[in-house]
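*Asks:* Would you mind keeping the following structure in view while I ask a few things?
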Amino acid sequence: MRDLAIIILNYNTRDLLADCLSSLRGQQGLDYSVCVVDNCSPDDSADMVARQFPEVTLIRSPNNNGFAAGNNLGLSACGFPTQPQARYALLLNPDTFTPQGTLACMVSFADAHTDVGVVGPKLMLMDGTLDAACRRSFPTPTVSFYRLTGLSHLFPHSRRFGQYNMTYLDIDTQTDVDSVVGACMLMRADAMRKVGLLDEQFFMYGEDLDWCLRIKQEHDGQGRPYRVVYYPGAVVQHVKRASSRRSARAQFEFDRAMWLFYRKHYQANTFFALDWLIRIGLALRGGPRLAREIF
């Protein structure tokens, strides 16, 4: 069994994907494989991988069925969740650059902390700032209210109002979190056996939150709840939204993901009046199309 199976889902980011794969070549200190799933890109991405990176397993999806479904194709090809070919799986965006030694560092951290189900690195944007999505709290109704009303932006250093992106913490502080981001997420194979693959009702956005929540509800072999950890000892560079920024569907799917996550995990226990306020707010953000789905 390998140490690590890396799954990269690509859509229309050929040049960034080439840089990403180049950064993965020659990573030392662990035995790993790379699988690229191309989500029917029109930009010759798949042919580029076949020509320039013959060591990579390439899956050409005939359709773009979204982030969760595409990553599940790659995970399944690597035997997850029931017959994994590696001890860990890493979801990695094609618009990332991985410095030498980063992957071995993440795997070593997980090996040393056997109750950790998921590890996320410090993701740094090209302007030198932190990608705020790499450490998050779950969007409970209260946390979502602080974010949607702008209180989280007005008071980023408040432990109450800055919960969603944990902006009150120093970026070099290792901490247990509710969720890391699917752009770079290391998951223990034993944890995935318990929770299964990504939920494909999420087209893009929200599936990483859902996965982390389900993992935190499970326990390791010693009966300890699995932890999700933001680990700044490993650093990965992230261009961010290299493919989704070209998609008119992206904003709608973000709002829809928030609805799906709320409906799946919180709606049943939300007071009637608050539930209606949340649904109305999401419908106003998502427009008529999402309103029809909500109501």
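Labels for the structure tokens follow display order: chains A, B, ..., residues from 1 in each chain, ligands from 1.
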Could you list, as number ranges by chain, every residue within 10 Å of Pro121 (chain A), counting only C-alpha atoms and ignoring same-chain residues fewer than 3 positions away?

*Replies:* A: 102-103, 105-106, 124, 134-135, 174, 180-181, 184-186, 229-237

*Asks:* So that I can check the surroundings of Glu293 (chain A), please list as a ChimeraX atom specification every protein, DNA and RNA residue that reaches within 10 Å of it, counting only C-alpha atoms and ignoring chain neighbours fewer than 6 positions away.

*Replies:* /A:256,259-260,283

*Asks:* Store the residues picked out above, limited to C-alpha atoms, as an mmCIF file, in the first residue's frame.

*Replies:*
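Below you can see again26.cif, which holds the result:
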```cif
data_model
loop_
_atom_site.group_PDB
_atom_site.id
_atom_site.type_symbol
_atom_site.label_atom_id
_atom_site.label_comp_id
_atom_site.auth_asym_id
_atom_site.auth_seq_id
_atom_site.Cartn_x
_atom_site.Cartn_y
_atom_site.Cartn_z
ATOM 1 C CA ARG A 256 -27.162 26.401 -3.545
ATOM 2 C CA TRP A 259 -28.934 25.660 1.119
ATOM 3 C CA LEU A 260 -28.070 21.982 0.683
ATOM 4 C CA ALA A 283 -33.683 32.563 -1.882
#
```

*Asks:* Measure the distance from CA of Asn12 (chain A) to CA of Ser41 (chain A) in Å and round it to one decimal.

*Replies:*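 Between CA of Asn12 (chain A) and CA of Ser41 (chain A) the gap is 4.8 Å.
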
*Asks:* At a cut-off of 8 Å, using only C-alpha atoms, what residues contact region 81-98 of chain A? Leave out same-chain residues fewer than 4 positions from it and give the result as a PyMOL selection string.

*Replies:* chain A and resi 1-10+13+16-17+19-21+23-24+32+71+75-76+102-103+107+182-190+192-193+196-197+235-242

*Asks:* Deliver the residues from the most recent selection as a file, using N, CA and C atoms, as a short mmCIF file (atom, residue, chain, number, x, y, z; two decimals), in the first residue's frame.

*Replies:*
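Result saved to part12.cif:
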```
data_model
loop_
_atom_site.label_atom_id
_atom_site.label_comp_id
_atom_site.auth_asym_id
_atom_site.auth_seq_id
_atom_site.Cartn_x
_atom_site.Cartn_y
_atom_site.Cartn_z
N MET A 1 0.84 -1.20 0.00
CA MET A 1 0.00 0.00 0.00
C MET A 1 0.87 1.25 0.00
N ARG A 2 0.54 2.21 -0.87
CA ARG A 2 1.28 3.46 -0.93
C ARG A 2 0.97 4.33 0.28
N ASP A 3 1.81 5.33 0.47
CA ASP A 3 1.52 6.31 1.52
C ASP A 3 0.37 7.22 1.13
N LEU A 4 0.34 7.64 -0.15
CA LEU A 4 -0.55 8.72 -0.54
C LEU A 4 -1.03 8.55 -1.98
N ALA A 5 -2.33 8.77 -2.18
CA ALA A 5 -2.92 8.87 -3.52
C ALA A 5 -3.41 10.30 -3.69
N ILE A 6 -2.89 10.99 -4.70
CA ILE A 6 -3.25 12.39 -4.96
C ILE A 6 -4.28 12.43 -6.08
N ILE A 7 -5.40 13.08 -5.80
CA ILE A 7 -6.49 13.20 -6.78
C ILE A 7 -6.59 14.67 -7.19
N ILE A 8 -6.45 14.93 -8.47
CA ILE A 8 -6.55 16.29 -9.00
C ILE A 8 -7.70 16.33 -10.00
N LEU A 9 -8.69 17.13 -9.69
CA LEU A 9 -9.82 17.33 -10.61
C LEU A 9 -9.57 18.59 -11.41
N ASN A 10 -9.60 18.46 -12.72
CA ASN A 10 -9.27 19.59 -13.59
C ASN A 10 -10.44 19.95 -14.49
N THR A 13 -8.00 24.23 -17.02
CA THR A 13 -6.86 24.97 -16.44
C THR A 13 -5.55 24.31 -16.86
N LEU A 16 -2.00 25.86 -15.70
CA LEU A 16 -1.85 25.74 -14.25
C LEU A 16 -1.70 24.28 -13.83
N LEU A 17 -2.44 23.41 -14.48
CA LEU A 17 -2.34 21.97 -14.18
C LEU A 17 -0.93 21.47 -14.47
N ASP A 19 1.84 23.17 -14.31
CA ASP A 19 2.70 23.66 -13.23
C ASP A 19 2.48 22.86 -11.95
N CYS A 20 1.22 22.55 -11.66
CA CYS A 20 0.89 21.77 -10.47
C CYS A 20 1.55 20.39 -10.52
N LEU A 21 1.41 19.71 -11.65
CA LEU A 21 1.98 18.37 -11.78
C LEU A 21 3.50 18.41 -11.75
N SER A 23 5.26 20.45 -10.00
CA SER A 23 5.66 20.62 -8.61
C SER A 23 5.55 19.33 -7.81
N LEU A 24 4.73 18.41 -8.29
CA LEU A 24 4.55 17.14 -7.59
C LEU A 24 5.63 16.12 -7.95
N TYR A 32 3.93 7.69 -3.44
CA TYR A 32 2.65 8.30 -3.79
C TYR A 32 2.34 8.08 -5.27
N ASN A 71 -14.15 14.21 -8.31
CA ASN A 71 -13.19 13.68 -7.34
C ASN A 71 -13.52 12.24 -6.95
N LEU A 75 -11.09 9.05 -6.68
CA LEU A 75 -10.98 8.27 -5.44
C LEU A 75 -11.33 6.81 -5.68
N SER A 76 -12.38 6.57 -6.44
CA SER A 76 -12.79 5.20 -6.74
C SER A 76 -11.72 4.46 -7.54
N THR A 102 6.48 19.15 1.19
CA THR A 102 5.21 19.50 1.82
C THR A 102 4.35 18.27 2.07
N LEU A 103 4.26 17.40 1.08
CA LEU A 103 3.38 16.23 1.23
C LEU A 103 3.90 15.28 2.30
N VAL A 107 1.86 14.04 5.69
CA VAL A 107 1.68 12.63 6.03
C VAL A 107 2.33 12.30 7.37
N GLY A 182 -11.38 21.81 0.24
CA GLY A 182 -11.13 20.74 -0.71
C GLY A 182 -10.05 21.04 -1.72
N ALA A 183 -9.56 22.27 -1.77
CA ALA A 183 -8.46 22.61 -2.67
C ALA A 183 -7.18 21.88 -2.28
N CYS A 184 -7.04 21.54 -1.00
CA CYS A 184 -5.90 20.74 -0.53
C CYS A 184 -6.30 20.11 0.79
N MET A 185 -6.74 18.88 0.74
CA MET A 185 -7.30 18.20 1.90
C MET A 185 -6.77 16.76 1.95
N LEU A 186 -6.04 16.46 3.01
CA LEU A 186 -5.50 15.12 3.22
C LEU A 186 -6.45 14.34 4.13
N MET A 187 -6.90 13.17 3.68
CA MET A 187 -7.82 12.37 4.48
C MET A 187 -7.26 10.97 4.73
N ARG A 188 -7.45 10.51 5.94
CA ARG A 188 -7.02 9.17 6.33
C ARG A 188 -7.95 8.13 5.69
N ALA A 189 -7.38 7.11 5.10
CA ALA A 189 -8.18 6.08 4.42
C ALA A 189 -9.13 5.39 5.39
N ASP A 190 -8.69 5.14 6.62
CA ASP A 190 -9.56 4.48 7.59
C ASP A 190 -10.78 5.32 7.92
N MET A 192 -12.17 7.44 5.76
CA MET A 192 -13.02 7.40 4.58
C MET A 192 -13.82 6.11 4.49
N ARG A 193 -13.26 5.03 5.00
CA ARG A 193 -14.02 3.78 5.04
C ARG A 193 -15.33 3.95 5.81
N GLY A 196 -17.49 7.15 3.64
CA GLY A 196 -17.74 7.05 2.21
C GLY A 196 -17.19 8.23 1.45
N LEU A 197 -17.62 8.37 0.21
CA LEU A 197 -17.10 9.39 -0.69
C LEU A 197 -17.84 10.72 -0.50
N VAL A 235 2.92 24.26 3.79
CA VAL A 235 2.46 25.43 3.05
C VAL A 235 2.31 25.08 1.58
N VAL A 236 1.14 25.44 1.02
CA VAL A 236 0.86 25.22 -0.40
C VAL A 236 0.39 26.54 -0.99
N GLN A 237 0.83 26.85 -2.19
CA GLN A 237 0.40 28.07 -2.88
C GLN A 237 -0.86 27.79 -3.69
N HIS A 238 -1.77 28.77 -3.73
CA HIS A 238 -3.07 28.59 -4.36
C HIS A 238 -3.43 29.81 -5.19
N VAL A 239 -3.66 29.60 -6.49
CA VAL A 239 -4.11 30.69 -7.36
C VAL A 239 -5.55 31.05 -7.03
N LYS A 240 -6.40 30.07 -6.85
CA LYS A 240 -7.79 30.16 -6.41
C LYS A 240 -8.74 30.60 -7.52
N ARG A 241 -9.80 29.80 -7.66
CA ARG A 241 -10.89 30.03 -8.60
C ARG A 241 -10.41 30.18 -10.03
N ALA A 242 -9.36 29.44 -10.37
CA ALA A 242 -8.85 29.53 -11.73
C ALA A 242 -9.85 29.00 -12.75
#
```

*Asks:* So that I can see what lies close to Arg263 (chain A), please list as a CSV table (one decimal) with C-alpha atoms, in the first residue's frame the residues with an atom at most 12 Å from it, counting only C-alpha atoms and leaving out residues fewer than 5 positions away in the same chain.

*Replies:*
```csv
chain,number,residue,atom,x,y,z
A,139,PRO,CA,-21.9,27.5,8.6
A,140,THR,CA,-24.5,27.1,11.4
A,141,PRO,CA,-27.4,29.5,11.3
A,201,GLN,CA,-25.7,16.4,-4.6
A,210,ASP,CA,-20.1,18.1,4.5
A,256,ARG,CA,-27.2,26.4,-3.5
A,257,ALA,CA,-24.4,24.6,-1.6
A,258,MET,CA,-25.3,26.7,1.5
A,268,ALA,CA,-34.7,19.6,11.1
A,269,ASN,CA,-33.5,21.2,14.4
A,270,THR,CA,-34.2,24.9,13.5
A,275,ASP,CA,-36.0,28.4,9.3
A,276,TRP,CA,-38.3,30.6,7.2
A,278,ILE,CA,-33.0,31.5,6.5
A,279,ARG,CA,-34.8,30.1,3.5
A,282,LEU,CA,-31.0,32.2,0.7
A,293,GLU,CA,-35.7,24.6,-5.1
A,294,ILE,CA,-36.0,26.0,-1.6
A,295,PHE,CA,-39.8,26.5,-1.6
```
